[in-house]
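Q: Please find one structure pasted underneath; my questions will follow.
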Amino acid sequence: MRNRDISFWIFLTPVLLGLGLVVIIPLLFGIYYSFTNWNGLTATEFLGFANYIDLFKDEEFRASLWFTIKFAVVSVILLNVLGLGLALLVTQGMKTSNFLRTIFFMPNLIGGLILGFIWQFIFVSAFSGIGDLLGIEALKGWLSDTETGFWGLVILNCWQWAGYIMIIYIAYLENIPKDLMEAAEIDGANSFQRFKNITFPLVAPAFTVSMFLTVSHSFKIYDQNLSLTGGGPFNSTQMVAMEIYKTAFNDNQMAFAQSKGIIFLILVATVALTQVYYNKKREVEM
Amino acid sequence: MQKKKRNRIILEIFGLLLALLWLSPFYLMVVNAFKTKREIFSDVLGLPEEFTMENFVEAFYHLDFIHSLMNSLIISILGVGIIIIFSSMAGYALARNKSKLSGFIFFLFVGAMLIPFQSVMIPLVSLFGQADMLNSAGLIFMYLGFGSSLSIFLYHGAMNGISNSLDEAAYIDGANKFQVFWHIIFPLLKPISVTVGILNIIWIWNDFLLPSLVLKEESATIPLKMFFFFGQFTKQWHLALAGLTIAIIPVIIAYFFAQKQIIKGVSEGAVK
C-alpha cells in the first residue's frame with residue numbers, strides 16, 4: 001500500500017474520524033479555550049495566561065494535585081511489591097496456582113464504581129463490626145477523616161489492580177530458563193541470592209511495563225474516588241480528575257476547568273515519558 | 001526432601017488464606033445482601049439468620065435490571081465490534097505502508113494514549129452536544145475514538161508476524177485489497193482480535209464517567225444505573241448490597257466461562 005492508494009485511506013478513514021473528532025479536535029479547541037473565558041458554548045474574550053495563573057492560586061486544585069501525587073507514589077510502590085509477591089507465589093508449581101491466579105485477578109474485572117461502593121460498606125460497617133468484636137478503636141470511623149480516606153483509597157486500588165500487575169510479572173517470570181536456576185542452585189546460591197541475581201534482573205522489563213501502567217492509572221483515577229469517599233470529608237480526599245469535573249460541571253467554570261485539564265495532560269505525559277526513558281536506560285545497562 | 005515438602009504445604013496454606021482474604025469483600029457483600037436492615041446493624045460479619053430474597057427483588061426492580069443490562073450489552077458489543085473491525089483495517093494498512101506519512105499516523109495514535117480523558121472531556125461534550133450526538137450512537141463513536149489507539153498498536157504489532165508474500169500471492173490471483181484483508185489477513189489476526197476484544201469489553205462494560213456525561217437515564221448502562229440507585233438508597237445497605245451483587249453477576253458468569261482467555265488476553269495486551 002502506498003500513500004496515493006485510495007484503499008490506504010479507505011482503511012484508515014473510520015479510525016481517523018474517530019480519533020480526530022473525539023480526541024484531537026476537542027484537545028485543540030480545549031487548548032485554545034483554556035486561554036479564553038469560554039463558558040461551554042462561546043468565548044468572548046482572550047485572557048492569555050490568566051486561567052493558568054489562577055489555577056496555581058487555587059487552593060483546592062493544589063490540594064488535589066498533592067493528594068493525587070501522594071496517592072500515586074504509595075500505590076505504585078505497594079502495587080509492584082504486591083504484584084511481584086503474588087506472581088512469585090503462584091509460579092511455585094503449586095496445585096492451587098491456577099485457582100489462586102483466578103481469584104487474585106477477579107476484582108480487576110469489576111468496575112471501579114461498583115468496587116468503591118462495596119468497600120464503602122466494608123470500611124464503614126464491616127470495619128466497625130470487627131472493631132467492636134476485637135475492641136480495636138482504630139477500625140471505627142474509617143473514611144471520615146483524610147488519613148483513613150487516603151488509606152481506604154490505597155487499599156481499594158491495591159486490591160483491584162494487584163492481580164493485574166501479578167499477571168504482567170508472571171509473563172516475565174515464566175520466561176526465565178529453568179536450567180539457569182538449577183545451575184545457580186548447584187553452585188550453592190541460596191534462594192535469596194537466586195532472586196537477587198537472576199530473577200530480579202530478568203523481570204526488570206516487567207517493571208517498566210507495570211510502573212507505566214500503575215502510574216498512569218493511579219493518576220487518572222476517578223470512579224473509585226467518587227464512589228468510595230466522594231472526595232470527602234471537606235474535599236480533602238479529592239483527586240485531580242474529580243476536581244476538574246467539579247470545576248466544570250458543578251461550578252460551571254468551563255475555561256478554568258479546561259486549563260486544569262491541560263496542566264493535568266502535561267503532568268501525566270511528563271511522568272509517563274520520563275519513566276519509560278529511565279527504565280529503558282536502566283534495562284540496557286544491566 | 002522432608003523439609004521441602006513441609007515448606008510446600010506451608011506455602012499452599014498461605015496461598016489459600018490469602019485467597020480467602022482477597023474474597024472477603026465479596027463474602028461480606030453477599031451475606032449482608034440477604035439480611036434485613038436491622039440484622040446488618042447488629043451482626044455484620046456472620047451468616048444471616050434467615051435468607052431473605054426481598055432485597056434482591058426490590059433492587060432488581062429499582063435497577064430496572066433487564067433494561068440496563070440490555071443497554072450495557074448493546075453498547076459494549078457494538079463498541080467492541082467497530083473497534084475490532086476498524087482498528088484491524090487500520091493496523092493492516094499502516095503496517096503494509098512503510099512511508100513517513102504512515103509512520104506519522106501510527107505515532108499519532110500511539111501518542112494519543114497519553115492524553116488523559118479530563119483534558120478533552122469538556123470540549124468533547126460541548127462539541128457532541130451541539131451536534132445533538134449525546135446519545136448511545138454518539139457514545140459508541142466516542143469509544144472508537146478512545147479505544148482505537150491501543151487496538152491499532154496491538155494489530156500493528158501482530159502484522160509484523162504475517163508475511164507480505166501472502167498478500168502478493170493473492171493479488172496475483174486477482175483479489176483486491178479488501179478481499180485480501182477480509183479473507184486472508186483478518187482470519188490470521190484472530191488471536192489478537194480476541195485480546196483486543198477482551199481488553200475493550202472490560203473497559204467499556206465498566207466505564208462510568210463517559211456514559212454519565214453522554215447518556216440520559218432511560219438509556220443508562222449498569223454502572224450508571226448503579227450510581228443513581230445508590231444515590232436513591234443511600235445508607236440503606238441491605239438494598240444497596242443486593243443491587244451491587246446483581247450488578248456483578250453477569251461479570252462473574254462471563255469470567256467463569258472465559259477465565260483462561262481473559263487472563264491470556266490481559267497478559268498479552270499489557271506485555272506487548
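For the C-alpha cells, the naming scheme is as follows: chains receive sequential letters (A, B, ...) according to their order of presentation, residues are indexed from 1 within each chain, and ligands are indexed from 1 in presentation order.
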Using backbone DSSP assignments, extract all helix (DSSP H, G or I) residues from stretch 65-148 of chain B; output them as a ChimeraX atom specification.
A: /B:65-96,100-112,117-119,121-130,136-148
Q: Output as CSV one row per residue of chain B within 6 Å of chain A: the closest atom pair and its distance in Å to one decimal place, counting only C-alpha atoms, sorted by chain and residue number ascending.
A:
residue,atom,partner,partner_atom,distance
B:Val44,CA,A:Ala126,CA,6.0
B:Met89,CA,A:Phe11,CA,5.4
B:Ala90,CA,A:Leu12,CA,5.0
B:Ala93,CA,A:Phe8,CA,5.8
B:Arg96,CA,A:Met1,CA,5.9
B:Asn97,CA,A:Met1,CA,5.1
B:Leu114,CA,A:Ala269,CA,5.8
B:Ile115,CA,A:Leu265,CA,5.9
B:Pro116,CA,A:Leu265,CA,6.0
B:Gln118,CA,A:Gly261,CA,5.5
B:Ser119,CA,A:Gly261,CA,4.0
B:Val120,CA,A:Leu27,CA,5.1
B:Pro123,CA,A:Pro26,CA,5.1
B:Leu124,CA,A:Pro26,CA,5.3
B:Met142,CA,A:Val22,CA,5.8
B:Leu144,CA,A:Gly18,CA,5.8
B:Gly145,CA,A:Gly18,CA,4.0
B:Asn206,CA,A:Gly111,CA,4.4
B:Ser267,CA,A:Ile168,CA,5.9
Q: Please dump the current selection as a CSV table (one decimal), in the first residue's frame; keep C-alpha atoms.
A:
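Generated file (result-v3.csv):
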chain,number,residue,atom,x,y,z
B,44,VAL,CA,-22.3,-7.6,60.1
B,89,MET,CA,-8.2,-2.5,9.0
B,90,ALA,CA,-6.1,0.5,10.1
B,93,ALA,CA,-2.9,-0.5,6.2
B,96,ARG,CA,1.9,-2.5,5.0
B,97,ASN,CA,2.7,1.1,4.1
B,114,LEU,CA,-1.0,9.6,26.8
B,115,ILE,CA,-3.9,12.1,26.8
B,116,PRO,CA,-6.0,11.8,30.0
B,118,GLN,CA,-10.1,15.1,31.6
B,119,SER,CA,-8.2,17.2,29.2
B,120,VAL,CA,-10.6,16.6,26.3
B,123,PRO,CA,-14.9,20.4,24.6
B,124,LEU,CA,-15.9,16.8,23.6
B,142,MET,CA,-16.5,8.0,21.2
B,144,LEU,CA,-14.0,4.1,18.7
B,145,GLY,CA,-12.1,7.3,19.2
B,206,ASN,CA,-17.3,-0.9,33.4
B,267,SER,CA,-1.4,-10.5,29.8
Q: Please provide the set of residues having any atom within 9 Å of A:Gly231, restricted to only C-alpha atoms, with same-chain residues fewer than 6 positions apart removed, written as a ChimeraX atom specification.
A: /A:149,225,237-239,242-243
Q: Keeping only C-alpha atoms, write the selected residues as a tab-separated table (two decimals), in the first residue's frame.
A:
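Output (part02.tsv):
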chain	number	residue	atom	x	y	z
A	149	GLY	CA	-9.80	8.09	53.48
A	225	ASN	CA	-12.67	8.25	44.29
A	237	THR	CA	-9.58	13.20	49.55
A	238	GLN	CA	-10.42	14.70	46.19
A	239	MET	CA	-8.11	13.81	43.34
A	242	MET	CA	-12.61	14.77	40.29
A	243	GLU	CA	-11.54	18.34	40.97
Q: Distance atom CA of A:Pro233-atom CA of A:Leu143, one decimal place?
A: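 Distance between the two atoms: 7.9 Å.
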Q: At a cut-off of 12 Å, using only C-alpha atoms, what residues contact A:Leu180? Leave out same-chain residues fewer than 6 positions from it and give the result as a PyMOL selection string.
A: chain A and resi 186-187+189+194-195+197-199+202
Q: Using only C-alpha atoms, please write the residues we just selected to a file, as an mmCIF file, in the first residue's frame.
A:
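See again-v9.cif below for the written result:
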data_model
loop_
_atom_site.group_PDB
_atom_site.id
_atom_site.type_symbol
_atom_site.label_atom_id
_atom_site.label_comp_id
_atom_site.auth_asym_id
_atom_site.auth_seq_id
_atom_site.Cartn_x
_atom_site.Cartn_y
_atom_site.Cartn_z
ATOM 1 C CA ILE A 186 24.106 -26.420 42.177
ATOM 2 C CA ASP A 187 26.690 -23.660 42.504
ATOM 3 C CA ALA A 189 23.345 -19.950 45.629
ATOM 4 C CA ARG A 194 18.972 -16.535 43.186
ATOM 5 C CA PHE A 195 16.181 -13.989 43.446
ATOM 6 C CA ASN A 197 20.951 -12.145 40.891
ATOM 7 C CA ILE A 198 18.734 -13.981 38.421
ATOM 8 C CA THR A 199 15.030 -13.365 38.893
ATOM 9 C CA LEU A 202 15.328 -10.762 34.306
#
Q: Any idea what's packed within 12 Å of B:Ser212, counting only C-alpha atoms, ignoring anything in its chain fewer than 4 positions away? Could you give it as a list in words?
A: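 Here the answer would be Leu113, Asp223, Tyr245 and Phe249 of chain A; Met121, Val125, Leu134, Asn135, Ser136, Leu139, Asn206, Asp207, Phe208, Lys216, Glu217, Glu218, Ser219, Ala220, Thr221, Ile222, Pro223, Leu224, Lys225, Met226, Phe227 and Phe228 of chain B.
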Q: Suppose you want the space between atom CA of A:Lys70 and atom CA of A:Leu139; what is it in Å?
A: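 Pair atom CA of A:Lys70 / atom CA of A:Leu139 returns 22.5 Å.
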Q: Which polymer residues have any atom within 6 Å of an atom of stretch 58-68 of chain B, counting only C-alpha atoms, with same-chain residues fewer than 2 positions away left out, as a list in words?
A: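 My list of contacting residues is Asn55, Phe56, Met70, Asn71, Thr221, Ile222, Leu239 and Gly243 of chain B.
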Q: Just how far from atom CA of B:Phe230 is atom CA of B:Asp132, in Å to one decimal?
A: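 So the answer is 29.0 Å.
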Q: Which polymer residues have any atom within 12 Å of an atom of A:Arg282, counting only C-alpha atoms, with same-chain residues fewer than 5 positions away left out, as a list in words?
A: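 Final neighbour list, sorted by chain and number: Pro201, Ala204, Pro205, Phe207, Thr208, Gln275, Val276 and Tyr277 of chain A.
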